[in-house]
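What follows is a set of notes on a single structure, which appears directly below.
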Amino acid sequence: MKHIRIVFYVLFFFSPLCCLANPDMPIVAKHGMVVSEQKLASQVGVDILRAGGNAIDAAVAVGYALAVVNPCCGNLGGGGFMTIHLAKGDNIFLNFREKAPLKASKTMYLDAHGKVRSKQSTTGYLSVAVPGTVMGLETARQRYGTLSRQQLMAPAIRLAQQGYLVTTYDAQWFSDYAKDFRKQPSVAAIFLKKGQPYRAGERLIQRDLAHTLQEISDKGTAAFYDGPIALAIIKASQAQGGLLSLADFTHYTVQESKPIQCQYHGYTLISSAPPSSGGVTLCEMLNILDNIHLNRDNYDSLQTTRTIIEVMRYAFIDRNRRLGDPDFVNNPLSTLLSPAYAKKISERIKQAERAQQQSLPSLVHEKKQTTHYSIVDGKGNAVAVTYTLNGFFGARVIASPTGFFLNNEMDDFAAKAGSANKFGLVQYDANTIAPGKRPLSSMTPTIIMKDGRVFMVVGSPGGPRIITAVLLTILNVIDGGMNIQQAVNKPRFHYQAKPDVISAEPLAFTPESIKKLTGMGYHIKQKAASTSVESILIDPATGLFYGANDNRRPDGAALGY
Ligand code: GLY
């Protein structure tokens, strides 16, 4: 039966009917697969695989390409995480998260009365943390790639020099942020055309960015961290009230560690370690659910939904109170990930019949940002990368003549223990600011193994919603029995305990479920998506790769060969 289904998929996708496809059908390929939020970047990755590069090579090339063709979120001026499974069996976590400047301090965003000064942690140079992307991508290439930096960066340089056609999605955000772009001449010179935002179909050429990429390609990380690029950023930062100094760049480091690992129903999850909360929170939720067993025949039932919401509640309370940069705080991982702890919480959830009552602050306006991509090659390597500027276009500043946006990652710290950041996340002492500290993240680049072989690669943008989007996608496959495209497309909901509101995409719940959940004390707000899961599943029976670009992100593509 399974074989008949696979033959059908293969025939379907190679037939002219392919492109009228049911949107719930994944793309199938045999030798390699790249799924990203921008089809031009996915193509760059596939070209690298075809040229003999491995998944890590492709991940480096896609990272640079997205910095050109996904300017809101792809980046040189931000940071992120790479989770790698090597064909020989090793699992690796690369942490290239940004660091707070050495001149940063715990109270830097507070006024004389101890109140958080609005916007200083989200816009302008004071919100910029030391970027990690360039060192992260180069570290991955040097340690695990096979091709030269010049080969991997050439496609991005070409896209910057020759330009690419602005998509409807880009155009929408360029238009939304045009007011910010106008405030910075260095941004306006690149992202406005005669003072107006670029429209869909117009060609965006980024000459300064091409030059910066060429410098990195020629001279490596020194060009960025101890050369003209760092100096340009420092000069602009000092002129506009920022804290960045050369020591921030020369001291910047990428860390390699073991990923967070857990088991769920016989699958092994490999995910992001602190300073991301993603892997820990995901594993805590799955450990609890492992005690509960969701019923496939009743997967959309009120009981299953309520269980998942409660699991999210417990895990997010731990996330917000207890996690931070492991170089600065002691993360209680052995407690949070222990089977006994999961069992205790699962018992409480089974017994509770109503939602816990909490105060109800309004849901902050949450934006889509960050970007995730997933890659597998035909050799057995898999890579999941999530990297970010934090907000759309980060701090909305570009240090001339670098041509790239700088992050506003400082907002991922708790500016004041107990106060909400732009994601509405209320965090505590473990994540307060310190010089050289990395802010807690929610990015969750995840690889799932079954019987020692890669089964799934998954991740998403969306701040704290990343973690719940990844959770739901995994449950949709493992417990819900969906194919990877259905699992990615299914409407999602998100709950992070505070604010005490379940944010649900239209159709995530039936009207009847909404009524019943409300009656049980849950607060539900319908909200459009801010996540975009880019995922790959490998059929254990055939070894075929199934790629799913999220239908919420039409610019993206799953491309294989
Ligand atoms: N800036 C979003 C995150 O790191 O989770």
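Going by the structure tokens order, chains are called A, B, ..., each with residues numbered from 1, while ligands are numbered from 1 in the order shown.
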Quiz item: What residues in segment 311-397 of chain A get the DSSP label strand (DSSP E)? Please answer as a ChimeraX atom specification.
Solution: /A:371-377,382-388
Self-check item: Residue contacts of Ala129 of chain A (12 Å, only C-alpha atoms) excluding same-chain residues fewer than 6 positions away, as a VMD selection string
Solution: chain A and resid 77 to 79 96 to 104 121 to 123 233 to 234 237 242 to 245 248 to 249 252 388 to 390 394 to 395 406 to 413 433 to 439
Hey, can you spit out that residue selection with C-alpha atoms as a PDB file, in the first residue's frame?
ATOM      1  CA  GLY A  77      24.329  41.431  10.829  1.00  0.00           C
ATOM      2  CA  GLY A  78      22.531  38.959  13.095  1.00  0.00           C
ATOM      3  CA  GLY A  79      23.149  35.536  14.554  1.00  0.00           C
ATOM      4  CA  PHE A  96      26.590  31.835  16.618  1.00  0.00           C
ATOM      5  CA  ARG A  97      24.129  33.860  18.664  1.00  0.00           C
ATOM      6  CA  GLU A  98      24.969  37.545  19.071  1.00  0.00           C
ATOM      7  CA  LYS A  99      26.593  38.805  22.279  1.00  0.00           C
ATOM      8  CA  ALA A 100      25.824  41.931  24.286  1.00  0.00           C
ATOM      9  CA  PRO A 101      28.496  44.614  23.794  1.00  0.00           C
ATOM     10  CA  LEU A 102      31.175  44.699  26.477  1.00  0.00           C
ATOM     11  CA  LYS A 103      29.910  48.128  27.517  1.00  0.00           C
ATOM     12  CA  ALA A 104      26.333  46.847  28.011  1.00  0.00           C
ATOM     13  CA  SER A 121      16.096  47.940  22.880  1.00  0.00           C
ATOM     14  CA  THR A 122      14.315  47.557  19.534  1.00  0.00           C
ATOM     15  CA  THR A 123      15.464  50.355  17.227  1.00  0.00           C
ATOM     16  CA  ILE A 233      29.880  49.403  12.187  1.00  0.00           C
ATOM     17  CA  ILE A 234      31.740  50.822  15.192  1.00  0.00           C
ATOM     18  CA  SER A 237      27.419  52.976  16.289  1.00  0.00           C
ATOM     19  CA  GLY A 242      25.543  52.720  20.359  1.00  0.00           C
ATOM     20  CA  LEU A 243      28.011  50.840  22.562  1.00  0.00           C
ATOM     21  CA  LEU A 244      29.930  48.707  20.063  1.00  0.00           C
ATOM     22  CA  SER A 245      33.741  48.762  20.184  1.00  0.00           C
ATOM     23  CA  ASP A 248      33.421  43.324  20.878  1.00  0.00           C
ATOM     24  CA  PHE A 249      34.310  42.109  17.414  1.00  0.00           C
ATOM     25  CA  TYR A 252      33.455  37.389  19.401  1.00  0.00           C
ATOM     26  CA  THR A 388      17.813  36.140  12.729  1.00  0.00           C
ATOM     27  CA  LEU A 389      18.013  39.916  12.931  1.00  0.00           C
ATOM     28  CA  ASN A 390      15.316  39.586  15.637  1.00  0.00           C
ATOM     29  CA  GLY A 394      16.555  44.255  12.890  1.00  0.00           C
ATOM     30  CA  ALA A 395      17.478  47.628  14.399  1.00  0.00           C
ATOM     31  CA  LEU A 406      22.155  45.139  11.953  1.00  0.00           C
ATOM     32  CA  ASN A 407      20.154  43.119  14.467  1.00  0.00           C
ATOM     33  CA  ASN A 408      18.121  44.363  17.438  1.00  0.00           C
ATOM     34  CA  GLU A 409      18.809  41.199  19.400  1.00  0.00           C
ATOM     35  CA  MET A 410      19.322  43.118  22.669  1.00  0.00           C
ATOM     36  CA  ASP A 411      15.515  43.060  22.964  1.00  0.00           C
ATOM     37  CA  ASP A 412      15.665  39.305  23.538  1.00  0.00           C
ATOM     38  CA  PHE A 413      17.138  40.009  26.972  1.00  0.00           C
ATOM     39  CA  ILE A 433      21.783  41.802  30.397  1.00  0.00           C
ATOM     40  CA  ALA A 434      25.500  41.403  31.103  1.00  0.00           C
ATOM     41  CA  PRO A 435      28.546  42.357  29.004  1.00  0.00           C
ATOM     42  CA  GLY A 436      29.388  39.577  26.520  1.00  0.00           C
ATOM     43  CA  LYS A 437      26.248  37.583  27.397  1.00  0.00           C
ATOM     44  CA  ARG A 438      24.042  36.055  24.696  1.00  0.00           C
ATOM     45  CA  PRO A 439      20.297  36.745  24.965  1.00  0.00           C
TER      46      PRO A 439
END
Quiz item: DSSP on the backbone: what in segment 36-77 of chain A comes out helix (DSSP H, G or I), as a ChimeraX atom specification?
Solution: /A:39-50,55-69
Quiz item: Near Asp555 of chain A, within 10 Å and counting only C-alpha atoms, which residues show up once chain neighbours fewer than 5 positions away are dropped, as an MDAnalysis selection string?
Solution: chainID A and resid 36:40 70 167:170 549:550
Selection export as a short mmCIF file (atom, residue, chain, number, x, y, z; two decimals), in the first residue's frame, atoms kept: all heavy atoms:
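Result went into result.cif, see below:
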data_model
loop_
_atom_site.label_atom_id
_atom_site.label_comp_id
_atom_site.auth_asym_id
_atom_site.auth_seq_id
_atom_site.Cartn_x
_atom_site.Cartn_y
_atom_site.Cartn_z
N SER A 36 13.72 26.50 1.97
CA SER A 36 13.95 27.79 2.63
C SER A 36 12.80 28.72 2.30
O SER A 36 11.95 28.41 1.46
CB SER A 36 15.28 28.41 2.18
OG SER A 36 15.10 29.15 0.98
N GLU A 37 12.81 29.90 2.90
CA GLU A 37 11.72 30.85 2.72
C GLU A 37 11.87 31.69 1.46
O GLU A 37 11.08 32.60 1.23
CB GLU A 37 11.65 31.80 3.93
CG GLU A 37 11.19 31.12 5.17
CD GLU A 37 10.90 32.13 6.28
OE1 GLU A 37 10.27 33.16 6.03
OE2 GLU A 37 11.34 31.88 7.39
N GLN A 38 12.90 31.43 0.66
CA GLN A 38 13.05 32.19 -0.58
C GLN A 38 13.54 31.21 -1.64
O GLN A 38 14.61 30.60 -1.50
CB GLN A 38 14.06 33.33 -0.37
CG GLN A 38 13.68 34.67 -0.95
CD GLN A 38 13.67 34.71 -2.48
OE1 GLN A 38 13.93 33.72 -3.17
NE2 GLN A 38 13.36 35.88 -3.03
N LYS A 39 12.77 31.09 -2.73
CA LYS A 39 13.10 30.03 -3.69
C LYS A 39 14.47 30.22 -4.32
O LYS A 39 15.16 29.25 -4.63
CB LYS A 39 12.01 29.85 -4.75
CG LYS A 39 11.35 31.10 -5.29
CD LYS A 39 10.28 30.75 -6.31
CE LYS A 39 8.91 30.54 -5.73
NZ LYS A 39 8.28 31.69 -5.08
N LEU A 40 14.91 31.49 -4.49
CA LEU A 40 16.24 31.71 -5.08
C LEU A 40 17.33 31.13 -4.18
O LEU A 40 18.33 30.60 -4.64
CB LEU A 40 16.49 33.21 -5.29
CG LEU A 40 15.58 33.90 -6.32
CD1 LEU A 40 15.76 35.41 -6.26
CD2 LEU A 40 15.85 33.38 -7.72
N ASN A 70 16.49 37.80 1.09
CA ASN A 70 15.45 37.83 2.15
C ASN A 70 15.87 38.89 3.16
O ASN A 70 16.18 38.58 4.32
CB ASN A 70 15.35 36.43 2.79
CG ASN A 70 14.16 36.30 3.71
OD1 ASN A 70 13.22 37.09 3.64
ND2 ASN A 70 14.19 35.30 4.57
N THR A 167 9.83 40.42 -4.33
CA THR A 167 8.60 39.63 -4.31
C THR A 167 7.46 40.45 -3.69
O THR A 167 7.70 41.49 -3.07
CB THR A 167 8.80 38.36 -3.47
OG1 THR A 167 8.99 38.77 -2.11
CG2 THR A 167 10.00 37.55 -3.92
N THR A 168 6.26 39.92 -3.80
CA THR A 168 5.11 40.60 -3.19
C THR A 168 5.31 40.70 -1.68
O THR A 168 4.97 41.69 -1.06
CB THR A 168 3.84 39.76 -3.44
OG1 THR A 168 3.94 39.18 -4.73
CG2 THR A 168 2.59 40.58 -3.34
N TYR A 169 5.87 39.64 -1.13
CA TYR A 169 6.11 39.60 0.32
C TYR A 169 7.12 40.68 0.71
O TYR A 169 6.88 41.46 1.63
CB TYR A 169 6.64 38.20 0.65
CG TYR A 169 6.94 37.95 2.09
CD1 TYR A 169 5.97 37.49 2.97
CD2 TYR A 169 8.23 38.14 2.58
CE1 TYR A 169 6.26 37.24 4.29
CE2 TYR A 169 8.54 37.89 3.90
CZ TYR A 169 7.56 37.44 4.76
OH TYR A 169 7.85 37.19 6.06
N ASP A 170 8.27 40.74 -0.01
CA ASP A 170 9.26 41.79 0.28
C ASP A 170 8.61 43.16 0.19
O ASP A 170 8.80 44.02 1.05
CB ASP A 170 10.40 41.80 -0.76
CG ASP A 170 11.27 40.57 -0.75
OD1 ASP A 170 11.45 40.00 0.32
OD2 ASP A 170 11.77 40.20 -1.83
N ASN A 549 7.61 23.41 1.92
CA ASN A 549 7.66 24.84 2.21
C ASN A 549 6.31 25.22 2.81
O ASN A 549 5.26 24.79 2.32
CB ASN A 549 7.93 25.63 0.93
CG ASN A 549 7.71 27.12 1.12
OD1 ASN A 549 8.33 27.73 1.98
ND2 ASN A 549 6.79 27.69 0.36
N ASP A 550 6.32 26.04 3.82
CA ASP A 550 5.08 26.43 4.49
C ASP A 550 4.18 27.21 3.55
O ASP A 550 4.64 28.15 2.89
CB ASP A 550 5.45 27.30 5.72
CG ASP A 550 4.34 27.35 6.75
OD1 ASP A 550 3.19 27.56 6.36
OD2 ASP A 550 4.66 27.19 7.94
#
Quiz prompt | Long-range neighbours of Ile48 of chain A as a ChimeraX atom specification, 9 Å cut-off, only C-alpha atoms, 2 positions minimum in chain | solution = /A:43-46,50-55,57-58,61,151-152
Atoms to include: N, CA and C atoms. Write the selected residues as a PDB file, in the first residue's frame.
ATOM      1  N   GLN A  43      17.325  27.393  -4.429  1.00  0.00           N
ATOM      2  CA  GLN A  43      18.010  26.989  -5.669  1.00  0.00           C
ATOM      3  C   GLN A  43      19.524  27.018  -5.494  1.00  0.00           C
ATOM      4  N   VAL A  44      20.013  28.043  -4.798  1.00  0.00           N
ATOM      5  CA  VAL A  44      21.456  28.115  -4.528  1.00  0.00           C
ATOM      6  C   VAL A  44      21.902  26.854  -3.784  1.00  0.00           C
ATOM      7  N   GLY A  45      21.112  26.443  -2.802  1.00  0.00           N
ATOM      8  CA  GLY A  45      21.471  25.255  -2.020  1.00  0.00           C
ATOM      9  C   GLY A  45      21.483  23.996  -2.877  1.00  0.00           C
ATOM     10  N   VAL A  46      20.481  23.848  -3.729  1.00  0.00           N
ATOM     11  CA  VAL A  46      20.418  22.651  -4.578  1.00  0.00           C
ATOM     12  C   VAL A  46      21.598  22.650  -5.556  1.00  0.00           C
ATOM     13  N   ARG A  50      24.261  19.684  -6.030  1.00  0.00           N
ATOM     14  CA  ARG A  50      24.520  19.084  -7.353  1.00  0.00           C
ATOM     15  C   ARG A  50      26.001  19.176  -7.722  1.00  0.00           C
ATOM     16  N   ALA A  51      26.643  20.263  -7.276  1.00  0.00           N
ATOM     17  CA  ALA A  51      28.069  20.447  -7.607  1.00  0.00           C
ATOM     18  C   ALA A  51      28.967  19.594  -6.721  1.00  0.00           C
ATOM     19  N   GLY A  52      28.368  18.772  -5.861  1.00  0.00           N
ATOM     20  CA  GLY A  52      29.160  17.852  -5.050  1.00  0.00           C
ATOM     21  C   GLY A  52      29.339  18.305  -3.615  1.00  0.00           C
ATOM     22  N   GLY A  53      28.781  19.463  -3.265  1.00  0.00           N
ATOM     23  CA  GLY A  53      28.884  19.925  -1.879  1.00  0.00           C
ATOM     24  C   GLY A  53      28.012  19.071  -0.976  1.00  0.00           C
ATOM     25  N   ASN A  54      28.338  19.079   0.300  1.00  0.00           N
ATOM     26  CA  ASN A  54      27.479  18.355   1.241  1.00  0.00           C
ATOM     27  C   ASN A  54      26.443  19.310   1.842  1.00  0.00           C
ATOM     28  N   ALA A  55      25.619  18.788   2.757  1.00  0.00           N
ATOM     29  CA  ALA A  55      24.525  19.609   3.312  1.00  0.00           C
ATOM     30  C   ALA A  55      25.067  20.829   4.047  1.00  0.00           C
ATOM     31  N   ASP A  57      27.897  22.490   3.271  1.00  0.00           N
ATOM     32  CA  ASP A  57      28.246  23.464   2.225  1.00  0.00           C
ATOM     33  C   ASP A  57      26.995  24.213   1.772  1.00  0.00           C
ATOM     34  N   ALA A  58      25.942  23.439   1.499  1.00  0.00           N
ATOM     35  CA  ALA A  58      24.701  24.060   1.012  1.00  0.00           C
ATOM     36  C   ALA A  58      24.138  25.023   2.057  1.00  0.00           C
ATOM     37  N   ALA A  61      26.051  28.291   1.874  1.00  0.00           N
ATOM     38  CA  ALA A  61      25.692  29.066   0.673  1.00  0.00           C
ATOM     39  C   ALA A  61      24.277  29.646   0.799  1.00  0.00           C
ATOM     40  N   GLN A 151      33.629  29.449  -3.457  1.00  0.00           N
ATOM     41  CA  GLN A 151      32.563  28.721  -4.174  1.00  0.00           C
ATOM     42  C   GLN A 151      31.203  28.946  -3.508  1.00  0.00           C
ATOM     43  N   LEU A 152      31.211  28.930  -2.180  1.00  0.00           N
ATOM     44  CA  LEU A 152      29.935  28.998  -1.462  1.00  0.00           C
ATOM     45  C   LEU A 152      29.358  30.413  -1.436  1.00  0.00           C
TER      46      LEU A 152
END
Self-check item: Shell around Pro274 of chain A at 8 Å using only C-alpha atoms, local window under 3 positions removed, as a PyMOL selection string
Solution: chain A and resi 277-280+323-326+440-441
Quiz item: Out of A:Asp377, A:Tyr225, A:Gly521, A:Glu310, which residue has the shortest atom-to-atom distance to Glu347 of chain A when counting only C-alpha atoms?
Solution: A:Glu310
